[in-house]
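Colleague: Sending over start-v5.pdb (PDB, C-alpha atoms).
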```pdb
MODEL        1
ATOM      1  CA  MET A   1     -68.967 -64.652  10.230
ATOM      2  CA  LYS A   2     -66.420 -62.133  11.427
ATOM      3  CA  LEU A   3     -62.769 -62.622  10.581
ATOM      4  CA  GLN A   4     -60.061 -61.863  13.120
ATOM      5  CA  VAL A   5     -57.997 -58.734  12.550
ATOM      6  CA  ALA A   6     -54.841 -60.687  11.622
ATOM      7  CA  THR A   7     -56.796 -62.710   9.065
ATOM      8  CA  ARG A   8     -58.153 -59.579   7.392
ATOM      9  CA  HIS A   9     -54.649 -58.098   7.292
ATOM     10  CA  ALA A  10     -53.389 -61.316   5.694
ATOM     11  CA  LEU A  11     -56.100 -61.357   3.050
ATOM     12  CA  PHE A  12     -55.503 -57.701   2.165
ATOM     13  CA  ALA A  13     -51.749 -58.270   1.980
ATOM     14  CA  VAL A  14     -52.052 -61.344  -0.221
ATOM     15  CA  LEU A  15     -54.509 -59.617  -2.562
ATOM     16  CA  GLU A  16     -52.259 -56.583  -2.813
ATOM     17  CA  LEU A  17     -49.154 -58.649  -3.499
ATOM     18  CA  ALA A  18     -50.850 -61.103  -5.873
ATOM     19  CA  ALA A  19     -52.330 -58.236  -7.901
ATOM     20  CA  GLN A  20     -48.767 -57.138  -8.693
ATOM     21  CA  ALA A  21     -46.971 -60.442  -8.485
ATOM     22  CA  ASP A  22     -44.058 -59.220 -10.601
ATOM     23  CA  ARG A  23     -42.931 -56.601  -8.089
ATOM     24  CA  GLN A  24     -42.030 -56.277  -4.459
ATOM     25  CA  ILE A  25     -44.161 -54.049  -2.300
ATOM     26  CA  ALA A  26     -43.186 -52.444   0.996
ATOM     27  CA  ALA A  27     -45.258 -53.486   3.991
ATOM     28  CA  SER A  28     -45.684 -49.794   4.830
ATOM     29  CA  ASP A  29     -47.447 -49.171   1.499
ATOM     30  CA  ILE A  30     -49.895 -51.991   2.183
ATOM     31  CA  ALA A  31     -50.468 -50.761   5.732
ATOM     32  CA  GLU A  32     -51.145 -47.244   4.478
ATOM     33  CA  LYS A  33     -53.609 -48.307   1.792
ATOM     34  CA  TYR A  34     -55.703 -50.349   4.212
ATOM     35  CA  SER A  35     -55.215 -48.039   7.218
ATOM     36  CA  ILE A  36     -53.822 -50.821   9.361
ATOM     37  CA  SER A  37     -51.020 -51.047  11.919
ATOM     38  CA  PRO A  38     -47.634 -51.513  10.192
ATOM     39  CA  ASN A  39     -46.326 -53.462  13.177
ATOM     40  CA  HIS A  40     -49.253 -55.852  13.167
ATOM     41  CA  LEU A  41     -49.011 -56.245   9.398
ATOM     42  CA  ALA A  42     -45.296 -57.067   9.687
ATOM     43  CA  LYS A  43     -46.121 -59.963  12.034
ATOM     44  CA  VAL A  44     -48.840 -61.167   9.667
ATOM     45  CA  LEU A  45     -46.448 -61.035   6.712
ATOM     46  CA  ARG A  46     -43.884 -63.082   8.628
ATOM     47  CA  THR A  47     -46.550 -65.710   9.273
ATOM     48  CA  LEU A  48     -47.483 -65.701   5.581
ATOM     49  CA  GLY A  49     -43.793 -66.076   4.771
ATOM     50  CA  ARG A  50     -43.482 -69.141   7.000
ATOM     51  CA  ALA A  51     -46.547 -70.571   5.251
ATOM     52  CA  GLY A  52     -44.798 -70.142   1.882
ATOM     53  CA  ILE A  53     -47.373 -67.693   0.556
ATOM     54  CA  VAL A  54     -45.152 -64.593   0.402
ATOM     55  CA  GLU A  55     -41.429 -64.035   0.433
ATOM     56  CA  ALA A  56     -39.427 -61.110   1.726
ATOM     57  CA  SER A  57     -36.338 -59.437   0.425
ATOM     58  CA  ARG A  58     -34.256 -57.043   2.483
ATOM     59  CA  GLY A  59     -32.315 -53.934   1.585
ATOM     60  CA  VAL A  60     -33.050 -50.983  -0.679
ATOM     61  CA  GLY A  61     -36.132 -51.651  -2.750
ATOM     62  CA  GLY A  62     -36.925 -54.594  -0.524
ATOM     63  CA  GLY A  63     -40.386 -55.658   0.363
ATOM     64  CA  TYR A  64     -42.685 -58.577  -0.059
ATOM     65  CA  ARG A  65     -43.638 -60.608  -3.084
ATOM     66  CA  PHE A  66     -46.445 -63.112  -3.602
ATOM     67  CA  CYS A  67     -45.004 -66.559  -4.289
ATOM     68  CA  GLY A  68     -48.103 -68.783  -4.210
ATOM     69  CA  ASN A  69     -50.218 -70.053  -7.075
ATOM     70  CA  ALA A  70     -53.081 -67.560  -7.418
ATOM     71  CA  LYS A  71     -55.185 -70.043  -9.380
ATOM     72  CA  ARG A  72     -54.877 -72.685  -6.657
ATOM     73  CA  LEU A  73     -54.566 -70.804  -3.364
ATOM     74  CA  ASN A  74     -58.017 -70.083  -1.974
ATOM     75  CA  LEU A  75     -59.393 -67.871   0.768
ATOM     76  CA  LEU A  76     -59.834 -70.775   3.171
ATOM     77  CA  ASP A  77     -56.152 -71.719   2.782
ATOM     78  CA  ILE A  78     -55.149 -68.263   4.021
ATOM     79  CA  ILE A  79     -57.769 -67.991   6.748
ATOM     80  CA  ALA A  80     -56.779 -71.403   8.123
ATOM     81  CA  VAL A  81     -53.236 -70.102   8.722
ATOM     82  CA  PHE A  82     -54.583 -67.575  11.221
ATOM     83  CA  GLU A  83     -57.734 -68.975  12.801
ATOM     84  CA  PRO A  84     -59.589 -72.253  13.135
ATOM     85  CA  ILE A  85     -62.679 -72.521  10.997
ATOM     86  CA  GLY A  86     -65.333 -75.192  10.670
ATOM     87  CA  PRO A  87     -67.245 -77.587  12.927
ATOM     88  CA  ALA A  88     -64.218 -78.469  15.071
ATOM     89  CA  ALA A  89     -63.270 -74.834  15.601
ATOM     90  CA  GLY A  90     -65.479 -74.103  18.596
ATOM     91  CA  GLY A  91     -64.728 -77.239  20.622
ATOM     92  CA  ARG A  92     -67.316 -78.751  22.948
ATOM     93  CA  GLU A  93     -69.760 -76.466  24.697
ATOM     94  CA  ALA A  94     -72.227 -76.843  27.544
ATOM     95  CA  GLY A  95     -75.468 -78.439  26.414
ATOM     96  CA  ASP A  96     -73.915 -80.162  23.387
ATOM     97  CA  ASP A  97     -75.035 -83.582  24.642
ATOM     98  CA  THR A  98     -78.712 -82.677  24.922
ATOM     99  CA  ARG A  99     -81.145 -83.239  22.042
ATOM    100  CA  GLU A 100     -81.515 -79.467  21.784
ATOM    101  CA  GLY A 101     -77.742 -79.080  21.694
ATOM    102  CA  ARG A 102     -77.415 -81.649  18.941
ATOM    103  CA  ALA A 103     -80.232 -80.008  16.964
ATOM    104  CA  LEU A 104     -78.534 -76.629  17.327
ATOM    105  CA  ARG A 105     -75.246 -78.193  16.195
ATOM    106  CA  LEU A 106     -76.933 -79.549  13.049
ATOM    107  CA  VAL A 107     -78.098 -76.067  12.089
ATOM    108  CA  MET A 108     -74.751 -74.450  12.925
ATOM    109  CA  ASN A 109     -72.915 -77.144  10.951
ATOM    110  CA  GLU A 110     -75.071 -76.329   7.920
ATOM    111  CA  ILE A 111     -73.946 -72.710   8.131
ATOM    112  CA  GLU A 112     -70.301 -73.648   8.708
ATOM    113  CA  ASP A 113     -70.286 -76.155   5.839
ATOM    114  CA  SER A 114     -71.657 -73.494   3.540
ATOM    115  CA  THR A 115     -69.052 -71.007   4.737
ATOM    116  CA  ARG A 116     -66.212 -73.453   4.128
ATOM    117  CA  ALA A 117     -67.547 -74.328   0.672
ATOM    118  CA  THR A 118     -67.711 -70.658  -0.270
ATOM    119  CA  LEU A 119     -64.260 -69.764   1.044
ATOM    120  CA  SER A 120     -62.567 -72.824  -0.435
ATOM    121  CA  SER A 121     -64.074 -72.211  -3.875
ATOM    122  CA  ILE A 122     -62.763 -68.659  -4.245
ATOM    123  CA  THR A 123     -59.134 -68.592  -5.346
ATOM    124  CA  ILE A 124     -56.955 -65.508  -5.085
ATOM    125  CA  ASP A 125     -57.188 -65.176  -8.873
ATOM    126  CA  THR A 126     -60.995 -65.195  -8.690
ATOM    127  CA  MET A 127     -60.947 -62.785  -5.749
ATOM    128  CA  LEU A 128     -58.859 -60.341  -7.798
ATOM    129  CA  LYS A 129     -61.497 -60.538 -10.548
ATOM    130  CA  ILE A 130     -64.190 -59.748  -7.978
ATOM    131  CA  VAL A 131     -62.093 -56.806  -6.756
ATOM    132  CA  ARG A 132     -61.827 -55.469 -10.313
ATOM    133  CA  ARG A 133     -65.601 -55.744 -10.754
ATOM    134  CA  THR A 134     -66.304 -53.963  -7.472
ATOM    135  CA  THR A 135     -67.114 -50.283  -7.671
ATOM    136  CA  PRO A 136     -64.423 -48.263  -5.879
ATOM    137  CA  SER A 137     -65.398 -46.337  -2.773
ATOM    138  CA  THR A 138     -64.852 -42.607  -3.137
ATOM    139  CA  ALA A 139     -63.892 -42.376   0.546
ATOM    140  CA  GLY A 140     -60.616 -44.243   0.048
ATOM    141  CA  ALA A 141     -59.694 -42.660  -3.277
ATOM    142  CA  PRO A 142     -57.302 -39.934  -2.058
ATOM    143  CA  LEU A 143     -55.307 -42.444  -0.012
ATOM    144  CA  ARG A 144     -55.063 -44.887  -2.903
ATOM    145  CA  ARG A 145     -53.892 -42.114  -5.193
ATOM    146  CA  ALA A 146     -51.213 -41.192  -2.657
ATOM    147  CA  VAL A 147     -49.958 -44.769  -2.491
ATOM    148  CA  VAL A 148     -49.870 -45.042  -6.278
ATOM    149  CA  ALA A 149     -48.020 -41.739  -6.540
ATOM    150  CA  ARG A 150     -45.444 -42.864  -3.981
ATOM    151  CA  SER A 151     -44.770 -46.165  -5.666
ATOM    152  CA  ALA A 152     -44.591 -44.701  -9.178
TER     153      ALA A 152
ATOM    154  CA  MET B 153     -66.318 -86.282 -41.331
ATOM    155  CA  PRO B 154     -63.161 -87.776 -39.788
ATOM    156  CA  GLN B 155     -63.482 -90.744 -37.507
ATOM    157  CA  LYS B 156     -63.451 -89.574 -33.877
ATOM    158  CA  LYS B 157     -61.036 -91.309 -31.558
ATOM    159  CA  ALA B 158     -60.803 -91.593 -27.790
ATOM    160  CA  VAL B 159     -59.890 -88.580 -25.700
ATOM    161  CA  SER B 160     -56.369 -87.683 -26.711
ATOM    162  CA  ALA B 161     -53.266 -86.580 -24.806
ATOM    163  CA  PRO B 162     -52.246 -82.898 -24.869
ATOM    164  CA  LYS B 163     -49.622 -81.590 -27.232
ATOM    165  CA  ALA B 164     -46.129 -82.528 -26.104
ATOM    166  CA  ASP B 165     -45.086 -78.907 -25.579
ATOM    167  CA  GLY B 166     -48.146 -78.244 -23.398
ATOM    168  CA  ALA B 167     -49.306 -75.403 -25.649
ATOM    169  CA  PRO B 168     -53.060 -74.976 -25.982
ATOM    170  CA  ALA B 169     -54.211 -76.646 -29.170
ATOM    171  CA  GLU B 170     -56.807 -75.230 -31.542
ATOM    172  CA  ILE B 171     -60.109 -75.730 -29.758
ATOM    173  CA  VAL B 172     -63.347 -75.532 -31.683
ATOM    174  CA  ILE B 173     -66.679 -75.263 -29.863
ATOM    175  CA  ASP B 174     -69.520 -76.868 -31.747
ATOM    176  CA  SER B 175     -72.971 -78.333 -31.211
ATOM    177  CA  ALA B 176     -72.795 -81.997 -30.295
ATOM    178  CA  ASP B 177     -74.044 -84.573 -32.762
ATOM    179  CA  SER B 178     -74.897 -88.235 -32.419
ATOM    180  CA  THR B 179     -71.385 -89.312 -33.387
ATOM    181  CA  ASP B 180     -70.080 -87.522 -30.265
ATOM    182  CA  LEU B 181     -72.233 -89.540 -27.895
ATOM    183  CA  LYS B 182     -69.762 -92.346 -27.306
ATOM    184  CA  LEU B 183     -66.988 -89.900 -26.389
ATOM    185  CA  ILE B 184     -69.320 -87.832 -24.205
ATOM    186  CA  VAL B 185     -70.311 -90.941 -22.243
ATOM    187  CA  ARG B 186     -66.675 -91.917 -21.967
ATOM    188  CA  LEU B 187     -65.513 -88.477 -20.796
ATOM    189  CA  ASP B 188     -68.336 -88.252 -18.257
ATOM    190  CA  ALA B 189     -67.506 -91.717 -16.923
ATOM    191  CA  LEU B 190     -63.852 -90.722 -16.726
ATOM    192  CA  THR B 191     -64.613 -87.634 -14.626
ATOM    193  CA  THR B 192     -67.549 -88.905 -12.522
ATOM    194  CA  GLY B 193     -66.930 -92.646 -12.410
ATOM    195  CA  ASN B 194     -70.477 -93.224 -13.640
ATOM    196  CA  ALA B 195     -71.409 -94.185 -17.195
ATOM    197  CA  LYS B 196     -74.889 -92.855 -18.064
ATOM    198  CA  PRO B 197     -75.391 -93.473 -21.799
ATOM    199  CA  LYS B 198     -79.196 -93.186 -21.733
ATOM    200  CA  TYR B 199     -79.049 -89.905 -19.848
ATOM    201  CA  TRP B 200     -76.640 -88.281 -22.324
ATOM    202  CA  LYS B 201     -78.555 -89.648 -25.299
ATOM    203  CA  HIS B 202     -81.740 -88.120 -23.879
ATOM    204  CA  LEU B 203     -80.049 -84.726 -23.444
ATOM    205  CA  LEU B 204     -78.515 -84.856 -26.902
ATOM    206  CA  GLU B 205     -81.872 -85.645 -28.477
ATOM    207  CA  GLY B 206     -83.458 -82.803 -26.500
ATOM    208  CA  SER B 207     -80.884 -80.321 -27.777
ATOM    209  CA  ARG B 208     -81.547 -81.389 -31.360
ATOM    210  CA  ALA B 209     -85.323 -81.223 -30.922
ATOM    211  CA  HIS B 210     -85.235 -77.788 -29.211
ATOM    212  CA  PRO B 211     -82.094 -76.048 -30.525
ATOM    213  CA  ASP B 212     -83.289 -72.627 -29.361
ATOM    214  CA  GLN B 213     -83.822 -73.773 -25.757
ATOM    215  CA  GLN B 214     -81.428 -76.624 -25.060
ATOM    216  CA  PHE B 215     -77.728 -76.478 -25.831
ATOM    217  CA  PHE B 216     -75.338 -79.400 -25.915
ATOM    218  CA  LEU B 217     -71.915 -78.140 -26.944
ATOM    219  CA  VAL B 218     -68.615 -79.945 -27.328
ATOM    220  CA  ALA B 219     -65.000 -78.773 -27.506
ATOM    221  CA  ARG B 220     -63.085 -80.419 -30.305
ATOM    222  CA  ASN B 221     -59.349 -80.541 -30.615
ATOM    223  CA  GLY B 222     -58.742 -81.965 -34.052
ATOM    224  CA  THR B 223     -60.356 -85.363 -34.008
ATOM    225  CA  SER B 224     -60.647 -85.637 -30.244
ATOM    226  CA  LEU B 225     -63.313 -84.374 -27.903
ATOM    227  CA  THR B 226     -61.830 -82.480 -24.955
ATOM    228  CA  GLY B 227     -64.962 -81.315 -23.173
ATOM    229  CA  PHE B 228     -68.671 -80.648 -23.249
ATOM    230  CA  ILE B 229     -71.284 -78.451 -21.625
ATOM    231  CA  VAL B 230     -75.042 -78.766 -21.411
ATOM    232  CA  GLY B 231     -77.365 -75.827 -20.818
ATOM    233  CA  GLU B 232     -81.038 -75.123 -21.040
ATOM    234  CA  ILE B 233     -83.378 -72.170 -20.768
ATOM    235  CA  ARG B 234     -85.993 -72.733 -18.090
ATOM    236  CA  ALA B 235     -88.832 -70.391 -17.241
ATOM    237  CA  TRP B 236     -90.765 -69.744 -14.059
ATOM    238  CA  GLU B 237     -89.304 -72.607 -12.050
ATOM    239  CA  PHE B 238     -89.497 -71.532  -8.405
ATOM    240  CA  GLY B 239     -90.984 -68.254  -9.649
ATOM    241  CA  SER B 240     -87.861 -67.302 -11.591
ATOM    242  CA  PRO B 241     -88.174 -65.440 -14.906
ATOM    243  CA  PRO B 242     -86.555 -67.280 -17.854
ATOM    244  CA  CYS B 243     -82.864 -67.922 -17.243
ATOM    245  CA  GLY B 244     -80.116 -70.180 -18.525
ATOM    246  CA  TRP B 245     -79.163 -73.231 -16.495
ATOM    247  CA  VAL B 246     -75.856 -75.022 -16.888
ATOM    248  CA  PHE B 247     -76.348 -78.497 -15.573
ATOM    249  CA  ALA B 248     -73.352 -80.392 -16.893
ATOM    250  CA  ILE B 249     -69.785 -79.542 -17.810
ATOM    251  CA  ALA B 250     -66.769 -81.797 -18.191
ATOM    252  CA  VAL B 251     -63.243 -81.293 -19.466
ATOM    253  CA  ASP B 252     -60.785 -84.066 -20.208
ATOM    254  CA  PRO B 253     -58.307 -84.051 -17.270
ATOM    255  CA  ASP B 254     -55.410 -84.054 -19.756
ATOM    256  CA  HIS B 255     -56.691 -80.810 -21.287
ATOM    257  CA  ARG B 256     -57.456 -78.819 -18.149
ATOM    258  CA  LEU B 257     -55.896 -75.388 -17.518
ATOM    259  CA  GLY B 258     -56.098 -74.766 -21.265
ATOM    260  CA  ALA B 259     -59.253 -72.608 -21.149
ATOM    261  CA  VAL B 260     -61.442 -75.367 -22.612
ATOM    262  CA  GLY B 261     -64.010 -74.996 -19.812
ATOM    263  CA  SER B 262     -63.996 -71.212 -20.134
ATOM    264  CA  ARG B 263     -64.559 -71.432 -23.888
ATOM    265  CA  LEU B 264     -67.462 -73.848 -23.391
ATOM    266  CA  PHE B 265     -68.997 -71.668 -20.684
ATOM    267  CA  ASP B 266     -68.591 -68.470 -22.737
ATOM    268  CA  THR B 267     -70.219 -70.120 -25.739
ATOM    269  CA  VAL B 268     -73.232 -71.453 -23.867
ATOM    270  CA  CYS B 269     -73.652 -67.994 -22.285
ATOM    271  CA  GLN B 270     -73.631 -66.486 -25.794
ATOM    272  CA  ARG B 271     -76.403 -68.904 -26.768
ATOM    273  CA  PHE B 272     -78.380 -67.868 -23.684
ATOM    274  CA  ARG B 273     -77.957 -64.182 -24.504
ATOM    275  CA  LYS B 274     -78.977 -64.777 -28.101
ATOM    276  CA  ALA B 275     -82.133 -66.472 -26.795
ATOM    277  CA  GLY B 276     -82.921 -63.350 -24.769
ATOM    278  CA  VAL B 277     -82.051 -64.354 -21.216
ATOM    279  CA  THR B 278     -79.760 -62.290 -19.016
ATOM    280  CA  LYS B 279     -79.018 -64.642 -16.133
ATOM    281  CA  VAL B 280     -77.178 -67.955 -15.932
ATOM    282  CA  ARG B 281     -77.421 -70.351 -13.012
ATOM    283  CA  THR B 282     -76.062 -73.700 -11.964
ATOM    284  CA  MET B 283     -76.132 -75.975  -8.917
ATOM    285  CA  ILE B 284     -73.067 -77.719  -7.533
ATOM    286  CA  ALA B 285     -72.399 -80.185  -4.750
ATOM    287  CA  ARG B 286     -70.963 -78.273  -1.807
ATOM    288  CA  ASP B 287     -67.877 -80.495  -1.627
ATOM    289  CA  SER B 288     -67.081 -80.268  -5.358
ATOM    290  CA  GLN B 289     -64.384 -77.690  -4.831
ATOM    291  CA  LEU B 290     -62.819 -77.969  -8.289
ATOM    292  CA  ILE B 291     -66.000 -77.384 -10.243
ATOM    293  CA  MET B 292     -67.204 -74.705  -7.837
ATOM    294  CA  SER B 293     -63.880 -72.894  -8.184
ATOM    295  CA  PHE B 294     -64.276 -73.076 -11.948
ATOM    296  CA  PHE B 295     -67.718 -71.434 -11.914
ATOM    297  CA  ARG B 296     -66.490 -68.844  -9.402
ATOM    298  CA  SER B 297     -63.629 -68.024 -11.767
ATOM    299  CA  GLN B 298     -66.237 -67.362 -14.458
ATOM    300  CA  GLY B 299     -67.787 -64.686 -12.257
ATOM    301  CA  MET B 300     -70.620 -66.693 -10.725
ATOM    302  CA  MET B 301     -71.685 -65.858  -7.167
ATOM    303  CA  ALA B 302     -74.284 -67.285  -4.793
ATOM    304  CA  GLY B 303     -77.812 -66.515  -5.978
ATOM    305  CA  PRO B 304     -81.089 -65.865  -4.189
ATOM    306  CA  PHE B 305     -82.106 -69.541  -3.904
ATOM    307  CA  ILE B 306     -81.129 -72.171  -1.342
ATOM    308  CA  GLU B 307     -81.473 -75.847  -2.146
ATOM    309  CA  LEU B 308     -83.319 -77.823   0.559
ATOM    310  CA  GLU B 309     -83.925 -81.551   0.791
ATOM    311  CA  LYS B 310     -84.965 -84.326   3.171
ATOM    312  CA  ASP B 311     -84.834 -88.078   3.344
ATOM    313  CA  LEU B 312     -88.315 -89.420   2.531
ATOM    314  CA  ASP B 313     -87.978 -92.404   4.855
ATOM    315  CA  GLU B 314     -87.891 -90.170   7.979
TER     316      GLU B 314
ENDMDL
END
```
What's the structure tokens form of this structure?

Modeller:
Amino acid sequence: MKLQVATRHALFAVLELAAQADRQIAASDIAEKYSISPNHLAKVLRTLGRAGIVEASRGVGGGYRFCGNAKRLNLLDIIAVFEPIGPAAGGREAGDDTREGRALRLVMNEIEDSTRATLSSITIDTMLKIVRRTTPSTAGAPLRRAVVARSA
Amino acid sequence: MPQKKAVSAPKADGAPAEIVIDSADSTDLKLIVRLDALTTGNAKPKYWKHLLEGSRAHPDQQFFLVARNGTSLTGFIVGEIRAWEFGSPPCGWVFAIAVDPDHRLGAVGSRLFDTVCQRFRKAGVTKVRTMIARDSQLIMSFFRSQGMMAGPFIELEKDLDE
């Protein structure tokens, strides 16, 4: 499964904001940490805002803040804001009505059901625990240090 | 020992009460059956009695723990050490957990899970496993929150009347 670019941006943004839920973070800081387009991230954050997952504040010291429930909001909730996922996502395709097409659909549904079950069972709170357990990559270390230094 | 009553309501102020994790005994059976029926809709008294007896007969291999809050029972967990099933070295299996809905989000499940994991470690195993229905999002989210991830096995099945 490959997530669309906007979905990945959204997941990174939510994880970043939820990890520091007591403070507002500039979109530019998030964009810099993950090496992503600030313009694209801004659009993604607006979509997350309309979904009630983050909220923005303007002016000096403005930025974004996570306003969801990290113990209830799961990965599938966020992904579903940006892209369809699951058996209905692909629509009807040529050959679907043949026995072979139906057999192939059974197998693909098994994979999609498993994917949905995995994504819907991992809350943002759990994802942050997984992040903390994950060994940091040395390649991104200088950039992360720069972001931390800027926001300190 | 004080008389145990039905599953109780939480404290009025919502604060987590003093939870004690303990091995289940025969006087807990009625409340275990009741709590299971409350959460699954299925009363299975013989099944729980069988598990309870197993844990008392093999206390170093089978663990049936309960969470007590004063005189009420707020949850239970059942685990067992199994060896060489499907070629797996000995590992701990959690095959039942339940928390009174009125006492959820109070770390009762986490305390039960931590305690059964301690028992597993003490018995010398270093891996804990469980199996969950794919659509049981609540319970799967709970185990995920405890750090569990997908393992190397996939459950397969078929209808025998095919």

Colleague: Given a cut-off of 6 Å, which residues of chain B touch chain A, counting all atoms listed in the file, written out as a list in words?

Modeller: Arg286, Gln289, Met292, Ser293 and Ser297 of chain B

Colleague: Selection in question (the file shown): the PyMOL selection byres ((chain B and resi 271) around 10). Which residues does it include, as a PDB file with C-alpha atoms, in the frame of the given file?

Modeller:
```pdb
ATOM      1  CA  PRO B 211     -82.094 -76.048 -30.525  1.00  0.00           C
ATOM      2  CA  ASP B 212     -83.289 -72.627 -29.361  1.00  0.00           C
ATOM      3  CA  GLN B 213     -83.822 -73.773 -25.757  1.00  0.00           C
ATOM      4  CA  GLN B 214     -81.428 -76.624 -25.060  1.00  0.00           C
ATOM      5  CA  PHE B 215     -77.728 -76.478 -25.831  1.00  0.00           C
ATOM      6  CA  GLY B 231     -77.365 -75.827 -20.818  1.00  0.00           C
ATOM      7  CA  GLU B 232     -81.038 -75.123 -21.040  1.00  0.00           C
ATOM      8  CA  ILE B 233     -83.378 -72.170 -20.768  1.00  0.00           C
ATOM      9  CA  GLY B 244     -80.116 -70.180 -18.525  1.00  0.00           C
ATOM     10  CA  PHE B 265     -68.997 -71.668 -20.684  1.00  0.00           C
ATOM     11  CA  ASP B 266     -68.591 -68.470 -22.737  1.00  0.00           C
ATOM     12  CA  THR B 267     -70.219 -70.120 -25.739  1.00  0.00           C
ATOM     13  CA  VAL B 268     -73.232 -71.453 -23.867  1.00  0.00           C
ATOM     14  CA  CYS B 269     -73.652 -67.994 -22.285  1.00  0.00           C
ATOM     15  CA  GLN B 270     -73.631 -66.486 -25.794  1.00  0.00           C
ATOM     16  CA  PHE B 272     -78.380 -67.868 -23.684  1.00  0.00           C
ATOM     17  CA  ARG B 273     -77.957 -64.182 -24.504  1.00  0.00           C
ATOM     18  CA  LYS B 274     -78.977 -64.777 -28.101  1.00  0.00           C
ATOM     19  CA  ALA B 275     -82.133 -66.472 -26.795  1.00  0.00           C
ATOM     20  CA  GLY B 276     -82.921 -63.350 -24.769  1.00  0.00           C
ATOM     21  CA  VAL B 277     -82.051 -64.354 -21.216  1.00  0.00           C
TER      22      VAL B 277
END
```

Colleague: For the file shown, what are the residues hit by the PyMOL selection byres ((chain A and resi 23-33) around 7), laid out as a list in words?

Modeller: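 Applying the expression gives Ala13, Leu17, Gln20, Ala21, Asp22, Tyr34, Ser35, Ile36, Ser37, Pro38, Leu41, Ala42, Gly62, Gly63, Tyr64, Arg65, Leu143, Arg144 and Val147 of chain A.
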
Colleague: Just how far from CA of Val260 in chain B is CA of Gly227 in chain B, in Å to one decimal?

Modeller: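 Atom-to-atom, CA of Gly227 in chain B and CA of Val260 in chain B are spaced 6.9 Å apart.
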
Colleague: Please measure the separation of CA of Asp188 in chain B and CA of Val230 in chain B, giving the value in Å to one decimal.

Modeller: 12.0 Å

Colleague: Quote the spacing between CA of Leu45 in chain A and CA of Ile85 in chain A in Å to one decimal place.

Modeller: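 Computed distance, CA of Leu45 in chain A to CA of Ile85 in chain A, equals 20.3 Å.
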
Colleague: Of the residues B:Phe216, B:Leu225, B:Phe305, B:Lys279, which is the one nearest to Pro241 in chain B, using only C-alpha atoms?

Modeller: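 Residue with the minimum atom-to-atom distance to Pro241 in chain B: B:Lys279.
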
Colleague: Pull out every residue that the PyMOL selection byres ((chain A and resi 82) around 10) matches in the shown coordinates and put them as a list in words.

Modeller: Leu3, Gln4, Val5, Ala6, Thr7, Arg8, Ala10, Val44, Thr47, Leu48, Asp77, Ile78, Ile79, Ala80, Val81, Glu83, Pro84 and Ile85 of chain A

Colleague: Kindly indicate which residue among A:Lys2, A:His40, A:Ala70, A:Arg105 lies nearest to Gly91 in chain A, using only C-alpha atoms for the distances.

Modeller: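 Closest to Gly91 in chain A, using only C-alpha atoms: A:Arg105.
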
Colleague: Step by step, gather every atom of range 73-87 of chain A that the file lists, find the box along x, y and z that holds them, add 3 Å on each side, and finally give centre and edge lengths in Å to one decimal, as JSON.

Modeller:
```
{"center_x": -60.2, "center_y": -72.6, "center_z": 4.9, "size_x": 20.0, "size_y": 16.0, "size_z": 22.5}
```

Colleague: For a cutoff of 6 Å around the file-coordinate point (-70.7, -79.4, -26.9), which residues qualify once you count all atoms listed in the file? I'd like the result as a list in words.

Modeller: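 Returned residue set, sorted by chain then number, is Asp174, Ser175, Ala176, Phe216, Leu217, Val218, Ala219, Phe228 and Ile229 of chain B.
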